[in-house]
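final.csv (CSV, C-alpha atoms)
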```csv
chain,number,residue,atom,x,y,z
A,1,MET,CA,142.5,95.9,123.4
A,2,THR,CA,141.5,99.1,121.5
A,3,ALA,CA,142.4,102.3,123.3
A,4,SER,CA,139.8,105.0,123.9
A,5,ARG,CA,139.7,108.1,121.6
A,6,ALA,CA,137.9,111.4,121.9
A,7,ILE,CA,136.4,113.8,119.5
A,8,LEU,CA,135.9,117.4,120.7
A,9,ALA,CA,133.5,120.1,119.5
A,10,LYS,CA,132.1,123.4,120.5
A,11,ARG,CA,128.6,121.8,120.9
A,12,ILE,CA,127.5,118.2,121.2
A,13,PHE,CA,123.8,117.2,120.9
A,14,ASP,CA,123.4,113.9,122.7
A,15,GLY,CA,119.8,113.3,121.4
A,16,ASP,CA,118.2,115.2,124.2
A,17,HIS,CA,120.5,118.1,125.3
A,18,PHE,CA,123.3,120.3,124.0
A,19,HIS,CA,126.7,120.3,125.7
A,20,ARG,CA,129.1,123.1,125.1
A,21,ASN,CA,132.9,122.6,124.8
A,22,ALA,CA,132.5,118.9,125.3
A,23,ALA,CA,134.0,115.6,124.0
A,24,ILE,CA,132.7,112.2,123.0
A,25,ILE,CA,134.9,109.3,124.2
A,26,MET,CA,134.7,106.3,121.9
A,27,ARG,CA,136.1,102.8,122.4
A,28,GLN,CA,135.6,99.6,120.3
A,29,GLY,CA,132.9,101.3,118.2
A,30,ARG,CA,130.8,102.4,121.2
A,31,ILE,CA,130.3,105.6,123.2
A,32,GLU,CA,132.2,105.3,126.4
A,33,GLY,CA,131.2,108.7,127.7
A,34,LEU,CA,130.4,112.4,127.1
A,35,VAL,CA,132.4,114.8,129.2
A,36,ALA,CA,133.5,118.5,129.3
A,37,ALA,CA,136.6,119.0,127.2
A,38,ALA,CA,138.4,120.2,130.3
A,39,ASP,CA,137.7,116.9,132.0
A,40,LEU,CA,139.2,114.6,129.4
A,41,PRO,CA,141.7,112.1,131.0
A,42,ALA,CA,145.4,112.9,130.3
A,43,GLY,CA,146.9,110.9,127.5
A,44,ILE,CA,143.7,110.0,125.6
A,45,ALA,CA,143.9,110.4,121.8
A,46,ARG,CA,142.1,113.5,120.8
A,47,HIS,CA,140.5,114.6,117.5
A,48,GLU,CA,139.2,118.1,117.0
A,49,ALA,CA,135.9,118.1,115.1
A,50,GLU,CA,135.9,119.9,111.7
A,51,GLY,CA,132.7,121.6,112.4
A,52,ASP,CA,130.6,123.4,115.1
A,53,LEU,CA,128.3,120.6,116.2
A,54,ILE,CA,128.4,116.8,116.8
A,55,CYS,CA,125.0,115.0,116.8
A,56,PRO,CA,123.8,111.4,116.5
A,57,GLY,CA,123.7,109.7,113.0
A,58,PHE,CA,120.4,109.9,111.3
A,59,VAL,CA,117.8,107.0,111.1
A,60,ASP,CA,115.6,106.8,108.0
A,61,TRP,CA,112.8,104.2,107.8
A,62,GLN,CA,111.8,104.9,104.2
A,63,VAL,CA,114.6,104.7,101.6
A,64,ASN,CA,113.6,103.4,98.1
A,65,GLY,CA,117.0,104.0,96.6
A,66,GLY,CA,120.2,106.0,96.3
A,67,GLY,CA,123.5,106.2,94.5
A,68,GLY,CA,121.8,105.3,91.2
A,69,VAL,CA,120.2,102.1,92.6
A,70,LEU,CA,116.5,101.5,93.1
A,71,PHE,CA,115.8,98.7,95.5
A,72,ASN,CA,112.9,97.3,93.4
A,73,GLU,CA,115.1,97.1,90.3
A,74,THR,CA,118.2,95.7,92.2
A,75,PRO,CA,116.8,93.6,95.0
A,76,THR,CA,120.2,92.1,95.9
A,77,ARG,CA,122.6,92.3,98.8
A,78,GLU,CA,124.9,94.5,96.6
A,79,GLY,CA,122.0,96.8,95.9
A,80,VAL,CA,121.1,97.2,99.5
A,81,ALA,CA,124.8,98.0,100.3
A,82,ALA,CA,124.9,100.6,97.6
A,83,ILE,CA,121.8,102.3,98.8
A,84,ALA,CA,123.0,102.4,102.4
A,85,ARG,CA,126.4,103.7,101.3
A,86,ALA,CA,124.8,106.5,99.3
A,87,HIS,CA,122.7,107.7,102.2
A,88,LEU,CA,125.6,107.3,104.7
A,89,ALA,CA,127.3,110.1,102.8
A,90,TYR,CA,124.4,112.4,103.8
A,91,GLY,CA,124.4,111.4,107.4
A,92,THR,CA,122.1,108.4,107.6
A,93,THR,CA,123.8,105.8,109.6
A,94,ALA,CA,120.8,103.4,110.0
A,95,CYS,CA,118.2,102.9,107.3
A,96,LEU,CA,115.4,100.6,106.2
A,97,PRO,CA,115.7,99.9,102.4
A,98,THR,CA,112.1,100.1,101.1
A,99,VAL,CA,110.6,97.9,98.5
A,100,ILE,CA,107.4,99.3,97.0
A,101,THR,CA,104.5,97.5,95.3
A,102,ASP,CA,105.7,95.0,92.8
A,103,ALA,CA,105.5,91.4,91.7
A,104,PRO,CA,105.8,88.8,94.5
A,105,GLU,CA,109.1,87.6,93.2
A,106,VAL,CA,110.6,91.1,93.5
A,107,THR,CA,109.3,91.5,97.0
A,108,ASN,CA,110.7,88.1,98.0
A,109,ALA,CA,114.0,88.9,96.5
A,110,ALA,CA,114.1,92.2,98.4
A,111,ALA,CA,113.5,90.3,101.7
A,112,ASP,CA,116.3,87.9,100.8
A,113,ALA,CA,118.6,90.8,100.0
A,114,VAL,CA,118.1,92.5,103.3
A,115,ALA,CA,118.4,89.2,105.3
A,116,GLN,CA,121.7,88.6,103.5
A,117,ALA,CA,122.9,92.2,104.1
A,118,ILE,CA,122.1,92.0,107.8
A,119,ALA,CA,123.8,88.6,108.1
A,120,ALA,CA,126.9,90.0,106.4
A,121,GLY,CA,127.0,93.1,108.6
A,122,VAL,CA,126.5,95.5,105.8
A,123,PRO,CA,126.9,99.0,107.4
A,124,GLY,CA,123.8,101.1,107.9
A,125,VAL,CA,121.2,98.4,107.2
A,126,SER,CA,118.8,97.9,110.1
A,127,GLY,CA,115.8,96.2,108.5
A,128,ILE,CA,113.3,96.5,105.7
A,129,HIS,CA,110.2,98.5,104.9
A,130,PHE,CA,107.5,96.8,102.8
A,131,GLU,CA,105.5,99.7,101.3
A,132,GLY,CA,102.7,97.8,99.6
A,133,PRO,CA,101.4,95.9,97.7
A,134,HIS,CA,98.5,96.0,100.2
A,135,LEU,CA,97.3,99.5,99.5
A,136,SER,CA,94.3,101.4,98.1
A,137,VAL,CA,94.2,101.5,94.3
A,138,GLU,CA,92.6,105.0,94.5
A,139,LYS,CA,95.4,106.4,96.6
A,140,ARG,CA,98.2,104.4,95.0
A,141,GLY,CA,100.3,107.4,94.0
A,142,VAL,CA,103.1,106.1,91.8
A,143,HIS,CA,102.6,102.4,92.8
A,144,ASP,CA,101.6,100.1,90.0
A,145,PRO,CA,97.9,99.2,90.4
A,146,SER,CA,98.3,95.9,88.6
A,147,PHE,CA,100.3,94.6,91.7
A,148,ILE,CA,98.0,96.0,94.4
A,149,ARG,CA,96.2,93.2,96.2
A,150,PRO,CA,94.8,92.0,99.6
A,151,LEU,CA,97.3,90.7,102.2
A,152,GLU,CA,97.6,86.9,102.1
A,153,ARG,CA,99.2,84.3,104.3
A,154,ARG,CA,102.3,84.2,102.1
A,155,ASP,CA,102.7,87.9,102.7
A,156,PHE,CA,102.4,87.5,106.4
A,157,GLU,CA,105.1,84.8,106.4
A,158,ARG,CA,107.4,87.0,104.3
A,159,MET,CA,107.1,90.0,106.6
A,160,THR,CA,107.5,87.9,109.8
A,161,ARG,CA,110.4,85.6,108.7
A,162,ARG,CA,113.7,85.6,110.6
A,163,GLY,CA,116.7,87.7,109.9
A,164,LEU,CA,115.0,90.8,108.5
A,165,GLY,CA,115.9,93.1,111.4
A,166,ARG,CA,113.3,95.8,112.0
A,167,VAL,CA,110.3,95.4,109.8
A,168,VAL,CA,107.9,98.1,108.8
A,169,ALA,CA,104.8,97.3,106.7
A,170,THR,CA,102.8,100.1,105.1
A,171,VAL,CA,99.2,98.8,104.5
A,172,ALA,CA,95.8,100.3,103.8
A,173,PRO,CA,92.6,99.0,105.4
A,174,GLU,CA,91.2,98.6,101.9
A,175,SER,CA,93.7,95.6,101.4
A,176,ALA,CA,94.5,94.6,105.0
A,177,SER,CA,91.9,93.7,107.5
A,178,LEU,CA,92.0,94.7,111.2
A,179,ASP,CA,92.8,91.0,112.0
A,180,ASP,CA,95.8,91.3,109.5
A,181,ILE,CA,97.0,94.4,111.3
A,182,SER,CA,96.7,92.8,114.7
A,183,ALA,CA,98.5,89.6,113.6
A,184,LEU,CA,101.4,91.6,112.1
A,185,ALA,CA,101.7,93.8,115.1
A,186,GLU,CA,101.6,90.9,117.5
A,187,ALA,CA,104.4,89.2,115.4
A,188,GLY,CA,106.6,92.2,115.9
A,189,VAL,CA,106.0,94.1,112.6
A,190,LEU,CA,105.6,97.8,112.9
A,191,VAL,CA,102.4,98.5,111.0
A,192,SER,CA,102.1,101.9,109.3
A,193,ILE,CA,98.9,103.1,107.6
A,194,GLY,CA,99.3,104.8,104.3
A,195,HIS,CA,98.1,105.0,100.7
A,196,THR,CA,94.5,104.9,101.8
A,197,ARG,CA,91.1,106.7,101.7
A,198,ALA,CA,90.5,105.7,105.3
A,199,ASP,CA,88.2,108.0,107.2
A,200,TYR,CA,88.7,109.0,110.8
A,201,ALA,CA,86.8,106.1,112.4
A,202,THR,CA,88.5,103.5,110.2
A,203,ALA,CA,91.9,105.0,111.1
A,204,GLN,CA,91.2,104.8,114.8
A,205,LYS,CA,90.2,101.2,114.4
A,206,CYS,CA,93.5,100.5,112.7
A,207,PHE,CA,95.4,102.1,115.6
A,208,ARG,CA,93.4,100.1,118.1
A,209,ALA,CA,94.2,97.0,116.2
A,210,GLY,CA,97.9,97.6,116.5
A,211,ALA,CA,99.0,100.0,113.8
A,212,SER,CA,101.4,102.5,115.3
A,213,ALA,CA,102.6,104.8,112.5
A,214,VAL,CA,101.5,106.7,109.4
A,215,THR,CA,103.5,106.7,106.2
A,216,HIS,CA,104.4,110.1,104.8
A,217,LEU,CA,101.6,112.1,106.6
A,218,PHE,CA,99.2,114.0,104.2
A,219,ASN,CA,100.6,112.3,101.1
A,220,ALA,CA,98.5,109.6,99.4
A,221,MET,CA,95.6,109.9,101.8
A,222,ALA,CA,92.4,111.8,102.1
A,223,PRO,CA,93.1,115.5,102.9
A,224,LEU,CA,92.4,117.0,106.3
A,225,HIS,CA,88.9,118.5,106.4
A,226,HIS,CA,87.1,120.3,109.2
A,227,ARG,CA,84.1,117.9,109.1
A,228,ASP,CA,86.1,114.8,108.0
A,229,PRO,CA,89.5,114.7,109.6
A,230,GLY,CA,90.4,111.4,108.1
A,231,LEU,CA,93.7,109.5,108.7
A,232,VAL,CA,95.5,112.8,109.1
A,233,GLY,CA,93.4,114.0,111.9
A,234,ALA,CA,93.4,110.6,113.6
A,235,ALA,CA,97.2,110.4,113.5
A,236,MET,CA,97.8,113.9,114.6
A,237,GLU,CA,95.7,113.5,117.8
A,238,ASN,CA,96.7,110.0,118.7
A,239,PRO,CA,99.4,110.0,121.3
A,240,ASP,CA,100.7,106.6,120.4
A,241,VAL,CA,101.1,107.1,116.7
A,242,TRP,CA,104.4,108.0,114.9
A,243,CYS,CA,104.1,110.3,111.8
A,244,GLY,CA,106.5,110.2,108.9
A,245,LEU,CA,107.2,113.5,107.2
A,246,ILE,CA,108.9,114.3,103.8
A,247,ALA,CA,110.4,117.7,104.4
A,248,ASP,CA,111.4,118.6,100.9
A,249,GLY,CA,109.0,121.4,100.0
A,250,HIS,CA,107.4,119.3,97.2
A,251,HIS,CA,105.5,116.7,99.2
A,252,LEU,CA,104.6,119.1,102.0
A,253,HIS,CA,104.5,122.9,101.8
A,254,ALA,CA,106.6,124.6,104.4
A,255,SER,CA,103.5,126.2,106.0
A,256,MET,CA,101.9,122.8,106.4
A,257,LEU,CA,105.1,121.5,108.2
A,258,ARG,CA,105.0,124.6,110.4
A,259,MET,CA,101.4,123.7,111.3
A,260,ILE,CA,102.3,120.1,112.0
A,261,PHE,CA,105.3,121.1,114.2
A,262,ALA,CA,103.0,123.4,116.2
A,263,ALA,CA,100.2,120.9,116.6
A,264,VAL,CA,101.9,117.5,117.1
A,265,PRO,CA,104.5,116.8,119.9
A,266,THR,CA,108.0,116.5,118.5
A,267,GLU,CA,108.3,113.2,120.2
A,268,ARG,CA,105.9,111.6,117.7
A,269,LEU,CA,107.4,113.1,114.5
A,270,THR,CA,110.0,111.5,112.2
A,271,LEU,CA,111.6,112.8,109.1
A,272,VAL,CA,111.9,110.4,106.3
A,273,THR,CA,113.4,110.9,102.8
A,274,ASP,CA,111.3,108.5,100.7
A,275,ALA,CA,114.5,108.8,98.6
A,276,MET,CA,114.9,107.4,95.1
A,277,PRO,CA,118.1,106.5,93.1
A,278,SER,CA,118.8,110.2,92.3
A,279,VAL,CA,120.2,110.9,95.8
A,280,GLY,CA,124.0,110.7,95.4
A,281,PHE,CA,123.7,110.2,91.7
A,282,ALA,CA,124.3,112.6,88.8
A,283,GLY,CA,121.7,111.1,86.4
A,284,ASP,CA,118.3,112.8,86.1
A,285,ALA,CA,116.2,109.8,85.0
A,286,PHE,CA,115.6,106.2,86.1
A,287,THR,CA,113.1,103.4,85.6
A,288,LEU,CA,110.4,102.3,88.0
A,289,ASN,CA,108.1,99.4,87.0
A,290,GLY,CA,108.8,100.2,83.4
A,291,ARG,CA,108.0,103.9,83.7
A,292,THR,CA,110.5,106.7,83.4
A,293,VAL,CA,111.0,108.9,86.4
A,294,ARG,CA,112.7,112.3,85.8
A,295,ARG,CA,114.3,114.8,88.1
A,296,VAL,CA,113.6,118.5,87.4
A,297,ASN,CA,114.6,121.1,90.0
A,298,GLY,CA,114.7,118.5,92.7
A,299,ARG,CA,111.2,117.1,92.0
A,300,LEU,CA,110.8,113.5,90.8
A,301,THR,CA,107.7,112.7,88.6
A,302,ILE,CA,106.5,110.3,86.0
A,303,THR,CA,105.0,111.5,82.7
A,304,ASP,CA,101.6,112.4,84.1
A,305,GLY,CA,103.2,114.6,86.9
A,306,THR,CA,102.6,112.1,89.7
A,307,LEU,CA,105.3,112.4,92.4
A,308,ALA,CA,107.6,109.4,92.4
A,309,GLY,CA,109.4,109.5,95.7
A,310,SER,CA,111.9,112.2,96.5
A,311,ASP,CA,115.3,113.5,95.7
A,312,LEU,CA,115.8,114.2,99.4
A,313,ASP,CA,118.7,113.3,101.7
A,314,MET,CA,118.3,113.5,105.5
A,315,ILE,CA,120.7,116.4,106.2
A,316,ALA,CA,118.8,118.4,103.6
A,317,ALA,CA,115.5,117.5,105.3
A,318,VAL,CA,116.9,118.8,108.6
A,319,ARG,CA,118.1,122.0,107.0
A,320,PHE,CA,114.7,122.5,105.4
A,321,ALA,CA,112.8,121.9,108.7
A,322,VAL,CA,115.0,124.5,110.5
A,323,SER,CA,115.5,127.2,107.8
A,324,LYS,CA,112.1,127.1,106.0
A,325,CYS,CA,109.7,125.7,108.7
A,326,GLY,CA,111.0,127.3,111.9
A,327,ALA,CA,111.8,124.0,113.6
A,328,ASP,CA,114.0,124.3,116.7
A,329,LEU,CA,117.4,122.7,115.9
A,330,ALA,CA,117.1,120.2,118.7
A,331,ALA,CA,113.6,119.1,117.5
A,332,ALA,CA,114.8,118.8,113.9
A,333,LEU,CA,117.8,116.6,114.9
A,334,GLN,CA,115.5,114.5,117.1
A,335,MET,CA,113.0,114.0,114.2
A,336,ALA,CA,115.9,112.7,112.1
A,337,SER,CA,117.6,110.5,114.7
A,338,ARG,CA,116.3,109.9,118.2
A,339,ASN,CA,112.6,109.6,117.3
A,340,PRO,CA,112.9,107.1,114.4
A,341,ALA,CA,115.3,105.1,116.4
A,342,LYS,CA,112.8,104.9,119.2
A,343,MET,CA,110.0,104.1,116.8
A,344,LEU,CA,112.0,101.2,115.4
A,345,GLY,CA,113.3,100.0,118.8
A,346,LEU,CA,116.9,100.6,118.0
A,347,ALA,CA,118.1,101.2,121.5
A,348,ASP,CA,121.7,101.9,120.6
A,349,CYS,CA,121.0,104.4,117.8
A,350,GLY,CA,119.8,108.0,117.7
A,351,HIS,CA,121.6,109.2,120.8
A,352,LEU,CA,125.1,109.6,122.1
A,353,ARG,CA,124.8,108.3,125.6
A,354,THR,CA,127.1,105.7,127.1
A,355,GLY,CA,126.8,102.3,125.3
A,356,ALA,CA,125.4,103.7,122.1
A,357,ARG,CA,127.0,102.9,118.8
A,358,ALA,CA,129.6,105.5,117.9
A,359,ASP,CA,127.6,106.7,114.9
A,360,LEU,CA,127.8,110.4,114.8
A,361,LEU,CA,127.9,113.4,112.5
A,362,VAL,CA,129.9,116.6,112.5
A,363,LEU,CA,127.9,119.6,111.2
A,364,SER,CA,128.9,123.2,110.5
A,365,GLU,CA,127.0,126.1,112.0
A,366,ALA,CA,125.0,126.3,108.7
A,367,LEU,CA,124.2,122.6,109.1
A,368,ASP,CA,126.5,121.4,106.3
A,369,LEU,CA,127.7,117.9,106.9
A,370,LYS,CA,131.5,117.9,107.5
A,371,SER,CA,132.1,114.3,108.5
A,372,VAL,CA,130.4,111.0,109.2
A,373,TRP,CA,131.6,108.6,111.9
A,374,LEU,CA,130.3,105.0,111.8
A,375,GLY,CA,131.1,102.7,114.6
A,376,GLY,CA,133.8,105.1,115.8
A,377,ASN,CA,135.5,105.3,112.4
A,378,ARG,CA,135.6,108.4,110.2
A,379,GLN,CA,134.1,107.6,106.8
A,380,GLU,CA,135.5,108.8,103.4
A,381,PHE,CA,133.3,109.3,100.4
A,382,PRO,CA,135.5,109.7,97.2
A,383,GLU,CA,132.5,108.8,95.1
A,384,LYS,CA,130.6,111.8,96.3
A,385,ALA,CA,133.3,114.2,95.1
A,386,ARG,CA,132.6,112.9,91.5
A,387,LEU,CA,129.0,114.0,91.5
```

Starting from the file, give its structure as structure tokens.
Amino acid sequence: MTASRAILAKRIFDGDHFHRNAAIIMRQGRIEGLVAAADLPAGIARHEAEGDLICPGFVDWQVNGGGGVLFNETPTREGVAAIARAHLAYGTTACLPTVITDAPEVTNAAADAVAQAIAAGVPGVSGIHFEGPHLSVEKRGVHDPSFIRPLERRDFERMTRRGLGRVVATVAPESASLDDISALAEAGVLVSIGHTRADYATAQKCFRAGASAVTHLFNAMAPLHHRDPGLVGAAMENPDVWCGLIADGHHLHASMLRMIFAAVPTERLTLVTDAMPSVGFAGDAFTLNGRTVRRVNGRLTITDGTLAGSDLDMIAAVRFAVSKCGADLAAALQMASRNPAKMLGLADCGHLRTGARADLLVLSEALDLKSVWLGGNRQEFPEKARL
């Protein structure tokens, strides 16, 4: 039987509250308890945290790639593992590899890859996000328009098959009917609305039909207007809708994020990276659907200047939300961990209460990542030192 161990820190954020001079007790990969350091049982193995703060591992429901791997280009179990590993080095302990609009055989292979990864227990993989191909051509962003099409029975069967873990599907009402949205939601798929020109009334109909999230709020949708609030306005006011936010300063201006933080309850906001292969990778170019994507000053674009995902990792998103957008630290950590875990129904992630997975991070006072613990084991990342 594995003995209990404790990790001590000046501050511990359990997902809801801060605890000073406290300790996390771990046993067999789970949280056994959170106690004041002075109350630790005698004889228990102790580890002093390298930093100022312990918090839950991050949860990211939109991860296109990492470590030089793009999911669409490498839809294999090995590709999934490489992406999850790359983001683990930046604090993401649970993620949804995201396959964007592509040929059906690529989307099928992506589903197979995630199913295999989950069956094999690949660390950090909690499900899959299908971002397309059922989108609006007009609001496609970098998605290849030749693959955009209406949702069909074969797509429904793919998204509702067994073994995929948590499934998110980004769809637009231009390519997915209200009946499609209802059927997916009833089958357990978390339906997110995105890449659409949907107006306010249409968005509300989608939410009533069962959609419960919005993919990268403000991006690839009609802008907020005082006489036409659109999907943005509908999402911000609806108390049952989760909003994904790319906090990198390129997809959303810091002032816009400040407005969102002031207007929308923290409990409904989730940080996402929308990350591409450049995260955890030294190269500054990669291929997407035959097009070259280049990284310049942390901004990823194709030749015509269209944004192509992000170069963002989750700890950088948390720092940006706090330092540039005035977010309270607790709120920023919740948007990166507790909230997305709740959204996805991951009951043992995103918090450090008794029974949770012992997935935790140690941060410095400046919010630099000092160490990552997965299932109670401290992770080492020699590959990161080579970047």

So that I can see what lies close to Ile315 of chain A, please list as a ChimeraX atom specification the residues with an atom at most 7 Å from it, counting all atoms listed in the file and leaving out residues fewer than 2 positions away in the same chain. /A:90-91,313,317-319

Have a look at A:Pro56, A:Pro150, A:Gly194, A:Gly124 and name the one nearest to Ile83 of chain A; count all atoms listed in the file. A:Gly124

Atom-to-atom span, atom CA of Val69 of chain A and atom CA of Gly280 of chain A, Å: 9.8 Å

Proximity of segment 30-65 of chain A to segment 363-382 of chain A: per-residue shortest pair, 12 Å limit, all atoms listed in the file, as a tab-separated table:
```
residue	atom	partner	partner_atom	distance
A:Arg30	CA	A:Gly375	CA	6.6
A:Ile31	CA	A:Gly376	CA	8.2
A:Glu32	CA	A:Gly376	CA	10.7
A:His47	CA	A:Arg378	CA	10.8
A:Glu48	CA	A:Ser371	CA	11.7
A:Ala49	CA	A:Ser371	CA	8.5
A:Glu50	CA	A:Lys370	CA	6.4
A:Gly51	CA	A:Ser364	CA	4.5
A:Asp52	CA	A:Ser364	CA	4.9
A:Leu53	CA	A:Leu363	CA	5.1
A:Ile54	CA	A:Leu363	CA	6.3
A:Cys55	CA	A:Leu363	CA	7.8
A:Pro56	CA	A:Trp373	CA	9.5
A:Gly57	CA	A:Val372	CA	7.8
A:Phe58	CA	A:Val372	CA	10.3
```

Spatial neighbours of Ile246 of chain A, 8 Å, all atoms listed in the file, chain gap at least 3 places, as a PyMOL selection string: chain A and resi 216+251-252+271-274+317

Residues within 12 Å of Gly65 of chain A, please, as a ChimeraX atom specification. Count all atoms listed in the file; anything in the same chain fewer than 6 positions from it doesn't count. /A:71-75,79-87,95-100,273-281,286-288,308-313

Can you tell me, as a list in words, what residues are no more than 10 Å from Ala220 of chain A when counting only C-alpha atoms, ignoring any on the same chain fewer than 2 positions away? Ser136, Glu138, Lys139, Arg140, Gly141, Val142, Gly194, His195, Thr196, Arg197, Thr215, His216, Leu217, Phe218, Ala222, Pro223 and His251 of chain A

Convert the current residue selection to file output with C-alpha atoms, as a CSV table (one decimal), in the frame of the given file.
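The result, written out as result.csv:
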```csv
chain,number,residue,atom,x,y,z
A,136,SER,CA,94.3,101.4,98.1
A,138,GLU,CA,92.6,105.0,94.5
A,139,LYS,CA,95.4,106.4,96.6
A,140,ARG,CA,98.2,104.4,95.0
A,141,GLY,CA,100.3,107.4,94.0
A,142,VAL,CA,103.1,106.1,91.8
A,194,GLY,CA,99.3,104.8,104.3
A,195,HIS,CA,98.1,105.0,100.7
A,196,THR,CA,94.5,104.9,101.8
A,197,ARG,CA,91.1,106.7,101.7
A,215,THR,CA,103.5,106.7,106.2
A,216,HIS,CA,104.4,110.1,104.8
A,217,LEU,CA,101.6,112.1,106.6
A,218,PHE,CA,99.2,114.0,104.2
A,222,ALA,CA,92.4,111.8,102.1
A,223,PRO,CA,93.1,115.5,102.9
A,251,HIS,CA,105.5,116.7,99.2
```

Would you compute the distance between atom CA of Lys324 of chain A and atom CA of Gly244 of chain A? Give it in Å to one decimal.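 Taking atom CA of Lys324 of chain A as the start and atom CA of Gly244 of chain A as the end point, the length is 18.0 Å.
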
Test item: residues at most 8 Å from Ala176 of chain A, only C-alpha atoms, excluding those fewer than 6 positions along its chain, as a ChimeraX atom specification: /A:134-135,150-151

Using only C-alpha atoms for the distances, tell me which of A:Gly121, A:Gly249, A:Pro133, A:Gly15 is nearest to Lys342 of chain A.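 The closest residue to Lys342 of chain A is A:Gly15.
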
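Proximity ranking of A:Cys325, A:Leu178, A:Leu224, A:Ala37 relative to Ile12 of chain A places A:Ala37 first, based on only C-alpha atoms.
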
Atom pair atom CA of Arg353 of chain A + atom CA of Ala9 of chain A, distance 15.9 Å

Each side padded by 5 Å, which centre and which edge lengths in Å (one decimal) define the axis-aligned box around the listed atoms of segment 143-150 of chain A? Give them as JSON.
```
{"center_x": 98.7, "center_y": 97.2, "center_z": 94.1, "size_x": 17.8, "size_y": 20.4, "size_z": 21.0}
```
